[in-house]
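Printed here is model_24.txt (compact mmCIF, C-alpha atoms):
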# COMPACT_ATOMS: atom_id res chain seq x y z
CA MET T 68 -37.81 12.02 -76.14
CA THR T 69 -37.25 15.22 -74.15
CA GLY T 70 -34.31 16.60 -76.11
CA SER T 71 -31.88 16.01 -73.25
CA PHE T 72 -29.99 12.73 -73.10
CA ILE T 73 -29.67 12.96 -69.32
CA VAL T 74 -33.39 13.53 -68.79
CA ASP T 75 -34.22 10.71 -71.22
CA TYR T 76 -31.89 8.35 -69.36
CA TYR T 77 -33.27 9.40 -65.98
CA LEU T 78 -36.87 8.86 -67.19
CA LEU T 79 -35.93 5.47 -68.66
CA VAL T 80 -34.45 4.32 -65.36
CA ALA T 81 -37.30 5.74 -63.27
CA PHE T 82 -40.10 4.15 -65.35
CA ALA T 83 -38.27 0.87 -65.91
CA SER T 84 -37.44 0.56 -62.21
CA VAL T 85 -41.13 1.08 -61.34
CA GLY T 86 -41.75 -1.88 -63.65
CA VAL T 87 -39.00 -3.92 -62.00
CA PHE T 88 -40.48 -3.21 -58.55
CA GLN T 89 -43.93 -4.33 -59.76
CA VAL T 90 -42.43 -7.58 -61.05
CA ILE T 91 -40.52 -8.08 -57.77
CA GLY T 92 -43.65 -7.36 -55.72
CA ALA T 93 -45.67 -9.82 -57.78
CA LEU T 94 -43.05 -12.59 -57.72
CA HIS T 95 -42.27 -12.34 -54.00
CA GLY T 96 -45.70 -11.44 -52.67
CA PHE T 97 -44.77 -7.95 -51.45
CA ARG T 98 -48.31 -6.67 -51.74
CA GLY T 99 -47.35 -3.36 -50.15
CA MET T 100 -45.23 -2.71 -53.24
CA MET T 101 -47.88 -3.55 -55.82
CA PHE T 102 -50.32 -1.17 -57.51
CA PHE T 103 -52.94 -3.93 -57.84
CA ASN T 104 -54.09 -6.67 -55.48
CA HIS T 105 -53.76 -9.13 -58.32
CA ARG T 106 -50.23 -10.51 -58.67
CA HIS T 107 -50.61 -11.39 -62.35
CA ALA T 108 -51.81 -7.87 -63.19
CA SER T 109 -48.86 -6.34 -61.33
CA PHE T 110 -46.45 -8.70 -63.04
CA LEU T 111 -47.79 -7.84 -66.50
CA LEU T 112 -47.82 -4.10 -65.73
CA GLY T 113 -44.22 -4.37 -64.54
CA LEU T 114 -43.08 -6.16 -67.67
CA ALA T 115 -44.94 -3.66 -69.86
CA LEU T 116 -43.36 -0.69 -68.06
CA LEU T 117 -39.87 -2.19 -68.31
CA ALA T 118 -40.19 -3.16 -71.97
CA GLY T 119 -41.97 0.11 -72.85
CA ALA T 120 -39.34 2.30 -71.20
CA VAL T 121 -36.46 0.42 -72.84
CA ALA T 122 -38.19 0.44 -76.25
CA TRP T 123 -38.97 4.18 -75.95
CA PHE T 124 -35.38 5.04 -75.02
CA PHE T 125 -33.62 2.97 -77.65
CA LEU T 126 -36.09 3.35 -80.53
CA SER T 127 -37.01 7.04 -80.20
CA THR T 128 -33.63 8.31 -81.43
CA PRO T 129 -30.12 6.91 -82.07
CA ARG T 130 -28.54 6.29 -78.65
CA ASN T 131 -25.10 5.05 -79.62
CA VAL T 132 -23.41 8.38 -79.02
CA SER T 133 -20.05 9.02 -77.42
CA ASP T 134 -19.79 10.20 -73.82
CA SER T 135 -17.59 13.00 -75.11
CA ASP T 136 -20.54 14.12 -77.24
CA LEU T 137 -24.10 13.87 -75.83
CA GLY T 138 -23.78 10.51 -74.07
CA LEU T 139 -23.00 9.60 -70.47
CA ASN T 140 -19.78 8.15 -69.10
CA GLY T 141 -19.75 5.28 -66.61
CA ASN T 142 -19.78 7.46 -63.50
CA GLU T 143 -22.67 9.56 -64.81
CA GLN T 144 -24.61 6.42 -65.70
CA PHE T 145 -24.14 5.13 -62.15
CA ALA T 146 -25.23 8.44 -60.61
CA TYR T 147 -28.31 8.81 -62.81
CA PHE T 148 -29.21 5.15 -62.32
CA PHE T 149 -29.07 5.69 -58.56
CA ALA T 150 -31.25 8.81 -58.84
CA GLY T 151 -33.70 7.25 -61.31
CA SER T 152 -34.15 3.98 -59.44
CA GLY T 153 -34.50 5.90 -56.15
CA THR T 154 -37.26 7.98 -57.73
CA GLY T 155 -38.85 4.80 -59.08
CA LEU T 156 -38.77 3.19 -55.64
CA ALA T 157 -40.20 6.26 -53.90
CA PHE T 158 -42.95 6.56 -56.52
CA THR T 159 -43.76 2.84 -56.28
CA LEU T 160 -44.01 2.85 -52.48
CA ALA T 161 -46.03 6.09 -52.44
CA LEU T 162 -48.51 5.04 -55.13
CA ALA T 163 -48.89 1.52 -53.72
CA SER T 164 -49.56 3.04 -50.27
CA LEU T 165 -52.26 5.30 -51.74
CA ARG T 166 -53.83 2.62 -53.94
CA GLN T 167 -54.08 0.16 -51.04
CA TRP T 168 -54.69 2.67 -48.28
CA LYS T 169 -56.29 0.27 -45.80
CA PHE T 170 -53.85 -2.62 -46.33
CA GLY T 171 -52.02 -3.15 -43.05
CA ALA T 172 -53.64 -0.16 -41.36
CA GLU T 173 -54.96 -2.14 -38.39
CA PRO T 174 -52.57 -2.25 -35.42
CA SER T 175 -50.51 -5.44 -35.31
CA ASN T 176 -46.92 -6.52 -34.99
CA LEU T 177 -45.30 -6.36 -38.41
CA ALA T 178 -42.49 -8.56 -39.65
CA THR T 179 -39.13 -6.84 -39.87
CA GLY T 180 -37.44 -5.63 -43.05
CA LEU T 181 -38.95 -6.17 -46.46
CA ASP T 182 -41.28 -8.86 -45.15
CA ALA T 183 -43.39 -6.09 -43.60
CA LEU T 184 -44.52 -5.27 -47.16
CA ARG T 185 -46.30 -8.64 -47.31
CA GLU T 186 -48.60 -7.47 -44.50
CA SER T 187 -48.76 -3.70 -44.93
CA THR T 188 -48.10 -0.79 -47.24
CA TYR T 189 -44.86 1.13 -46.84
CA PHE T 190 -46.73 4.07 -45.35
CA TRP T 191 -48.14 2.04 -42.46
CA ALA T 192 -44.85 0.21 -41.94
CA ILE T 193 -42.94 3.49 -41.63
CA ARG T 194 -45.66 4.96 -39.44
CA ARG T 195 -45.31 2.05 -37.02
CA LEU T 196 -41.55 2.51 -37.08
CA MET T 197 -41.88 6.21 -36.24
CA ARG T 198 -44.26 5.49 -33.40
CA ARG T 199 -41.83 2.90 -32.05
CA PHE T 200 -39.13 5.52 -31.92
CA GLY T 201 -41.52 8.13 -30.51
CA GLY T 202 -41.54 10.27 -33.65
CA PHE T 203 -44.23 12.02 -35.66
CA SER T 204 -47.47 10.21 -36.33
CA ILE T 205 -50.40 11.61 -38.32
CA ARG T 206 -53.01 10.18 -35.93
CA ASP T 207 -51.34 11.57 -32.79
CA MET Q 1333 4.54 -11.53 -79.63
CA ASP Q 1334 4.06 -10.30 -83.21
CA ALA Q 1335 2.37 -13.57 -84.15
CA PHE Q 1336 0.03 -13.17 -81.18
CA LEU Q 1337 -0.86 -9.58 -82.13
CA GLN Q 1338 -1.41 -10.67 -85.72
CA LEU Q 1339 -3.75 -13.44 -84.56
CA ASP Q 1340 -5.61 -10.84 -82.46
CA ALA Q 1341 -6.01 -8.61 -85.52
CA ASP Q 1342 -6.97 -11.53 -87.80
CA ILE Q 1343 -9.79 -12.55 -85.45
CA VAL Q 1344 -11.23 -9.01 -85.35
CA THR Q 1345 -11.05 -8.46 -89.11
CA TRP Q 1346 -12.58 -11.89 -89.79
CA ILE Q 1347 -15.42 -11.62 -87.26
CA ASN Q 1348 -16.19 -8.02 -88.30
CA GLN Q 1349 -17.18 -9.18 -91.80
CA GLY Q 1350 -20.54 -10.31 -90.37
CA ILE Q 1351 -21.76 -6.72 -89.95
CA GLY Q 1352 -24.21 -5.61 -92.64
CA ARG Q 1353 -25.11 -9.12 -93.78
CA VAL Q 1354 -28.17 -9.94 -91.65
CA TYR Q 1355 -30.46 -7.01 -90.82
CA ILE Q 1356 -31.94 -8.54 -87.64
CA LEU Q 1357 -28.49 -9.45 -86.32
CA ASP Q 1358 -27.34 -5.88 -86.96
CA ARG Q 1359 -30.31 -4.45 -85.05
CA ILE Q 1360 -29.69 -6.76 -82.08
CA THR Q 1361 -25.98 -5.95 -82.19
CA TYR Q 1362 -26.76 -2.22 -82.29
CA LEU Q 1363 -28.65 -2.62 -79.02
CA VAL Q 1364 -26.20 -4.95 -77.25
CA VAL Q 1365 -23.04 -3.05 -78.25
CA SER Q 1366 -24.50 0.18 -76.84
CA ASP Q 1367 -22.92 1.82 -73.78
CA TYR Q 1368 -26.26 1.70 -72.01
CA PHE Q 1369 -28.27 -1.48 -72.66
CA VAL Q 1370 -26.15 -4.13 -70.92
CA PRO Q 1371 -25.22 -1.95 -67.89
CA LEU Q 1372 -28.89 -1.07 -67.44
CA MET Q 1373 -30.04 -4.67 -67.64
CA MET Q 1374 -27.32 -5.70 -65.18
CA CYS Q 1375 -28.33 -3.00 -62.72
CA PHE Q 1376 -32.01 -3.96 -62.98
CA TRP Q 1377 -30.99 -7.57 -62.42
CA GLY Q 1378 -29.06 -6.40 -59.35
CA LEU Q 1379 -32.23 -4.74 -58.04
CA GLY Q 1380 -34.05 -8.02 -58.53
CA VAL Q 1381 -31.34 -9.97 -56.70
CA TRP Q 1382 -31.48 -7.49 -53.79
CA PHE Q 1383 -35.14 -8.36 -53.18
CA HIS Q 1384 -34.84 -12.08 -53.92
CA GLY Q 1385 -34.45 -14.87 -51.40
CA LYS Q 1386 -36.47 -17.87 -50.22
CA ASN Q 1387 -35.65 -17.00 -46.63
CA LEU Q 1388 -34.01 -14.17 -44.69
CA ALA Q 1389 -30.53 -15.72 -44.72
CA GLU Q 1390 -30.61 -16.17 -48.50
CA ARG Q 1391 -31.90 -12.65 -49.05
CA ILE Q 1392 -29.17 -11.12 -46.85
CA SER Q 1393 -26.57 -13.17 -48.72
CA ASN Q 1394 -27.96 -11.87 -52.03
CA GLN Q 1395 -27.88 -8.31 -50.73
CA LYS Q 1396 -24.22 -8.71 -49.78
CA ALA Q 1397 -23.61 -9.99 -53.30
CA VAL Q 1398 -25.23 -6.87 -54.75
CA LEU Q 1399 -23.14 -4.63 -52.46
CA ALA Q 1400 -19.99 -6.45 -53.56
CA ALA Q 1401 -21.07 -6.22 -57.23
CA ALA Q 1402 -21.70 -2.45 -57.06
CA ILE Q 1403 -18.36 -1.80 -55.34
CA SER Q 1404 -16.47 -4.17 -57.68
CA LEU Q 1405 -17.98 -2.50 -60.74
CA GLY Q 1406 -16.67 0.89 -59.61
CA PHE Q 1407 -13.21 -0.38 -58.72
CA ALA Q 1408 -12.89 -2.39 -61.95
CA ASN Q 1409 -13.57 0.86 -63.79
CA LEU Q 1410 -10.89 2.57 -61.69
CA ALA Q 1411 -8.38 -0.25 -62.33
CA VAL Q 1412 -8.82 0.09 -66.10
CA LEU Q 1413 -8.49 3.88 -65.84
CA LEU Q 1414 -5.20 3.51 -63.95
CA ILE Q 1415 -3.83 0.97 -66.44
CA ASN Q 1416 -4.79 3.33 -69.26
CA GLN Q 1417 -2.47 5.95 -67.77
CA ALA Q 1418 0.47 3.65 -68.49
CA VAL Q 1419 -0.67 1.63 -71.51
CA PHE Q 1420 -2.20 2.84 -74.74
CA ARG Q 1421 -3.29 0.57 -77.56
CA GLU Q 1422 -5.09 1.86 -80.60
CA ARG Q 1423 -8.55 0.53 -81.32
CA PRO Q 1424 -8.85 -2.01 -84.15
CA ILE Q 1425 -11.30 0.31 -85.87
CA THR Q 1426 -8.64 3.01 -86.16
CA GLN Q 1427 -6.02 0.57 -87.46
CA TYR Q 1428 -8.08 -1.38 -89.99
CA ASP Q 1429 -10.95 -0.69 -92.34
CA LEU Q 1430 -13.78 -2.13 -90.23
CA ALA Q 1431 -17.56 -1.72 -90.00
CA ASN Q 1432 -18.97 -0.41 -86.71
CA LEU Q 1433 -22.47 0.08 -85.33
CA LEU Q 1434 -21.31 2.22 -82.40
CA TYR Q 1435 -19.36 5.46 -82.56
CA ALA Q 1436 -15.57 5.36 -82.95
CA PRO Q 1437 -13.95 5.74 -79.51
CA THR Q 1438 -10.49 7.28 -79.31
CA ASP Q 1439 -9.38 6.07 -75.86
CA SER Q 1440 -7.19 3.04 -75.26
CA SER Q 1441 -8.37 -0.36 -76.43
CA PHE Q 1442 -6.42 -2.24 -73.75
CA PRO Q 1443 -7.80 -3.43 -71.39
CA ALA Q 1444 -11.49 -3.49 -72.33
CA ASN Q 1445 -13.45 -1.43 -69.81
CA PRO Q 1446 -16.88 -2.96 -70.63
CA ALA Q 1447 -15.52 -6.48 -70.09
CA ALA Q 1448 -13.90 -5.44 -66.80
CA VAL Q 1449 -17.01 -3.85 -65.28
CA ALA Q 1450 -19.44 -6.45 -66.58
CA PHE Q 1451 -17.40 -9.44 -65.43
CA ALA Q 1452 -16.69 -7.74 -62.09
CA PHE Q 1453 -20.45 -7.45 -61.54
CA ALA Q 1454 -21.17 -11.02 -62.64
CA THR Q 1455 -18.32 -12.52 -60.61
CA ALA Q 1456 -19.32 -10.72 -57.40
CA ILE Q 1457 -22.85 -12.15 -57.74
CA TRP Q 1458 -21.41 -15.59 -58.63
CA TRP Q 1459 -19.54 -15.86 -55.32
CA ARG Q 1460 -22.79 -15.84 -53.38
CA ASN Q 1461 -25.47 -17.01 -55.83
CA ARG Q 1462 -24.44 -19.14 -58.81
CA ARG Q 1463 -27.91 -19.22 -60.38
CA ALA Q 1464 -28.42 -15.47 -60.12
CA SER Q 1465 -25.05 -14.87 -61.77
CA MET Q 1466 -26.04 -16.66 -64.97
CA VAL Q 1467 -27.88 -13.68 -66.50
CA PRO Q 1468 -25.14 -11.09 -65.82
CA SER Q 1469 -22.51 -13.59 -67.00
CA VAL Q 1470 -24.31 -14.11 -70.30
CA LEU Q 1471 -24.81 -10.34 -70.67
CA ALA Q 1472 -21.11 -9.72 -69.92
CA ALA Q 1473 -20.06 -12.30 -72.51
CA LEU Q 1474 -22.48 -10.92 -75.13
CA TRP Q 1475 -21.34 -7.34 -74.53
CA SER Q 1476 -17.70 -8.36 -74.85
CA VAL Q 1477 -18.24 -10.39 -78.02
CA THR Q 1478 -20.24 -7.62 -79.72
CA ARG Q 1479 -17.49 -5.13 -78.87
CA VAL Q 1480 -14.96 -7.33 -80.66
CA TYR Q 1481 -17.47 -7.98 -83.47
CA ASN Q 1482 -17.73 -4.20 -84.00
CA GLY Q 1483 -13.97 -3.74 -84.16
CA LEU Q 1484 -13.85 -1.74 -80.92
CA PHE Q 1485 -11.54 -4.15 -79.08
CA PHE Q 1486 -9.11 -6.93 -79.84
CA PRO Q 1487 -9.96 -10.31 -78.25
CA SER Q 1488 -6.95 -10.00 -75.92
CA ASP Q 1489 -8.26 -6.62 -74.63
CA VAL Q 1490 -11.52 -8.27 -73.69
CA ILE Q 1491 -9.88 -11.31 -72.10
CA VAL Q 1492 -7.55 -9.17 -69.98
CA GLY Q 1493 -10.42 -6.79 -69.11
CA ALA Q 1494 -12.56 -9.73 -67.98
CA LEU Q 1495 -9.69 -11.12 -65.88
CA ILE Q 1496 -9.19 -7.71 -64.23
CA GLY Q 1497 -12.92 -7.52 -63.48
CA MET Q 1498 -12.97 -11.02 -62.01
CA ALA Q 1499 -9.88 -10.34 -59.89
CA VAL Q 1500 -11.36 -7.08 -58.56
CA ALA Q 1501 -14.63 -8.84 -57.72
CA CYS Q 1502 -12.79 -11.64 -55.88
CA LEU Q 1503 -10.79 -9.05 -53.95
CA PHE Q 1504 -13.81 -7.03 -52.88
CA THR Q 1505 -15.97 -10.05 -52.09
CA TRP Q 1506 -13.16 -11.24 -49.82
CA GLY Q 1507 -12.66 -7.68 -48.51
CA LEU Q 1508 -16.32 -7.33 -47.56
CA ARG Q 1509 -16.07 -10.61 -45.62
CA MET Q 1510 -12.98 -9.29 -43.84
CA ILE Q 1511 -14.71 -6.09 -42.71
CA GLU Q 1512 -17.76 -7.84 -41.24
CA PRO Q 1513 -19.96 -6.77 -39.48
CA ILE Q 1514 -19.98 -3.51 -41.51
CA PRO Q 1515 -21.87 -4.95 -44.55
CA THR Q 1516 -24.32 -6.67 -42.21
CA ARG Q 1517 -24.91 -3.37 -40.40
CA VAL Q 1518 -25.49 -1.55 -43.68
CA ILE Q 1519 -28.14 -4.13 -44.56
CA SER Q 1520 -29.58 -3.95 -41.04
CA GLY Q 1521 -30.00 -0.21 -41.52
CA ALA Q 1522 -31.88 -0.82 -44.76
CA ARG Q 1523 -33.95 -3.53 -43.00
CA LEU Q 1524 -34.96 -1.05 -40.35
CA LEU Q 1525 -36.42 1.11 -43.15
CA HIS Q 1526 -38.09 -2.00 -44.67
CA LEU Q 1527 -35.88 -1.75 -47.76
CA ALA Q 1528 -33.87 -4.95 -47.29

Rewritten as structure tokens:
Amino acid sequence: MTGSFIVDYYLLVAFASVGVFQVIGALHGFRGMMFFNHRHASFLLGLALLAGAVAWFFLSTPRNVSDSDLGLNGNEQFAYFFAGSGTGLAFTLALASLRQWKFGAEPSNLATGLDALRESTYFWAIRRLMRRFGGFSIRD
Amino acid sequence: MDAFLQLDADIVTWINQGIGRVYILDRITYLVVSDYFVPLMMCFWGLGVWFHGKNLAERISNQKAVLAAAISLGFANLAVLLINQAVFRERPITQYDLANLLYAPTDSSFPANPAAVAFAFATAIWWRNRRASMVPSVLAALWSVTRVYNGLFFPSDVIVGALIGMAVACLFTWGLRMIEPIPTRVISGARLLHLA
């Protein structure tokens, strides 16, 4: 509990969405999204993060407060969900790229879209994309 | 009409007597009736649906469902807001002596906003993936029932709210099909960035 409802909500969404992305990565074989090579470990970590974040948010202090008081209205919830899940996604892709640095580093033709994350980390997938469009590349 | 309104009130006052009798049920209700739990779970489910699909065609179809669900949710909210400008109905909790595990809202009871947004989300998913819509449909139903259980809405508020949500979702699912290839291009843009 940080003392701010908005920050608490943002942290809940960010941590829980990291958990959701771990579960998704484990279930669909998107290794470039996972923190571990082991799918079961990623799945369990994801569930723990999701359950932990929800339990922390709802059990740490009473949350049934009016949006005219300290709570959030529907539009604010949508905005902070978008921000929190975006942060969660960015964190997931960045940490997974660092944890599995060599995964997908060797030059090859990647699948398009999300399927690229079965063969590479997000970092290498984006790097290939940038090279294709003649943009910045750290090895150039 | 009076008989109908009386039936509405009788259902709320009867069902509300369950609060405070079973501790575990109260704790579960406290969570489900919240403004945050069900919307969060639905949005996380939507994230899951976005990434799900046995093949590319199924995944793109699911992603269009999520786009339609997100848009429908917003417009269902707007539809209720507009109706509230013309119609005001007091909450059951302000008219009768009822127990409540949420706070006591003061805005209009009719139509029920939570039912509208939740059923809009579930219906938009249902049009493209029946199996994936089961979880949001159950969550929408649970959220609506607990809102009546807590004396926050009359059953008719929830039924009309759900119908508004479903109608908005049908409209926007159809609308997104009519404006093809824009949704496909949005997804193609996300595919280029390896996010779809």

Gap from atom CA of Phe1336 of chain Q to atom CA of Asn1482 of chain Q - Å, one decimal: 20.1 Å

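In this comparison, which uses all atoms listed in the file, the residue of T:Thr128, T:Ala81, T:Phe110, T:Ile73 approaching Ala150 of chain T most closely is T:Ala81.
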
Spatial neighbours of Cys1375 of chain Q, max dist 10 Å, all atoms listed in the file, sep filter under 2 positions, as number ranges by chain: T: 80, 84, 145, 148-149, 152; Q: 1370-1373, 1377-1381, 1398, 1401-1402, 1453, 1468

Surrounding residues of segment 164-178 of chain T excluding itself and chain neighbours under 6 positions, 10 Å, all atoms listed in the file, as a JSON list (two decimals) with C-alpha atoms, keeping the file's coordinate frame:
[["chain", "number", "residue", "atom", "x", "y", "z"],
["T", 98, "ARG", "CA", -48.31, -6.67, -51.74],
["T", 99, "GLY", "CA", -47.35, -3.36, -50.15],
["T", 100, "MET", "CA", -45.23, -2.71, -53.24],
["T", 101, "MET", "CA", -47.88, -3.55, -55.82],
["T", 102, "PHE", "CA", -50.32, -1.17, -57.51],
["T", 103, "PHE", "CA", -52.94, -3.93, -57.84],
["T", 104, "ASN", "CA", -54.09, -6.67, -55.48],
["T", 158, "PHE", "CA", -42.95, 6.56, -56.52],
["T", 184, "LEU", "CA", -44.52, -5.27, -47.16],
["T", 185, "ARG", "CA", -46.30, -8.64, -47.31],
["T", 186, "GLU", "CA", -48.60, -7.47, -44.50],
["T", 187, "SER", "CA", -48.76, -3.70, -44.93],
["T", 188, "THR", "CA", -48.10, -0.79, -47.24],
["T", 189, "TYR", "CA", -44.86, 1.13, -46.84],
["T", 190, "PHE", "CA", -46.73, 4.07, -45.35],
["T", 191, "TRP", "CA", -48.14, 2.04, -42.46],
["T", 192, "ALA", "CA", -44.85, 0.21, -41.94],
["T", 194, "ARG", "CA", -45.66, 4.96, -39.44],
["T", 195, "ARG", "CA", -45.31, 2.05, -37.02],
["T", 196, "LEU", "CA", -41.55, 2.51, -37.08],
["Q", 1526, "HIS", "CA", -38.09, -2.00, -44.67]]

For chain Q, report every residue with an atom at most 7 Å from chain T (counting only C-alpha atoms), formatted as number ranges by chain. Q: 1366, 1380, 1434-1435, 1523-1528

In Å to one decimal, how far is atom CA of Pro1487 of chain Q from atom CA of Ala1341 of chain Q? 8.4 Å

Excluding Val85 of chain T and its own-chain neighbours fewer than 3 positions away, which residues fall within 6 Å of it when counting only C-alpha atoms? Please give them as a ChimeraX atom specification. /T:82,88,155,159

Top pick for closest residue to Gly70 of chain T, considering T:Ala122, T:Leu116, T:Leu137, T:Ala108 and counting only C-alpha atoms: T:Leu137

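Residues lying within 12 Å of Leu1503 of chain Q, counting only C-alpha atoms and ignoring same-chain neighbours fewer than 2 positions away, are Ala1400, Ala1401, Ile1403, Ser1404, Leu1405, Phe1407, Ala1408, Ala1452, Thr1455, Ala1456, Trp1459, Ile1496, Gly1497, Met1498, Ala1499, Val1500, Ala1501, Thr1505, Trp1506, Gly1507, Leu1508, Arg1509 and Met1510 of chain Q.
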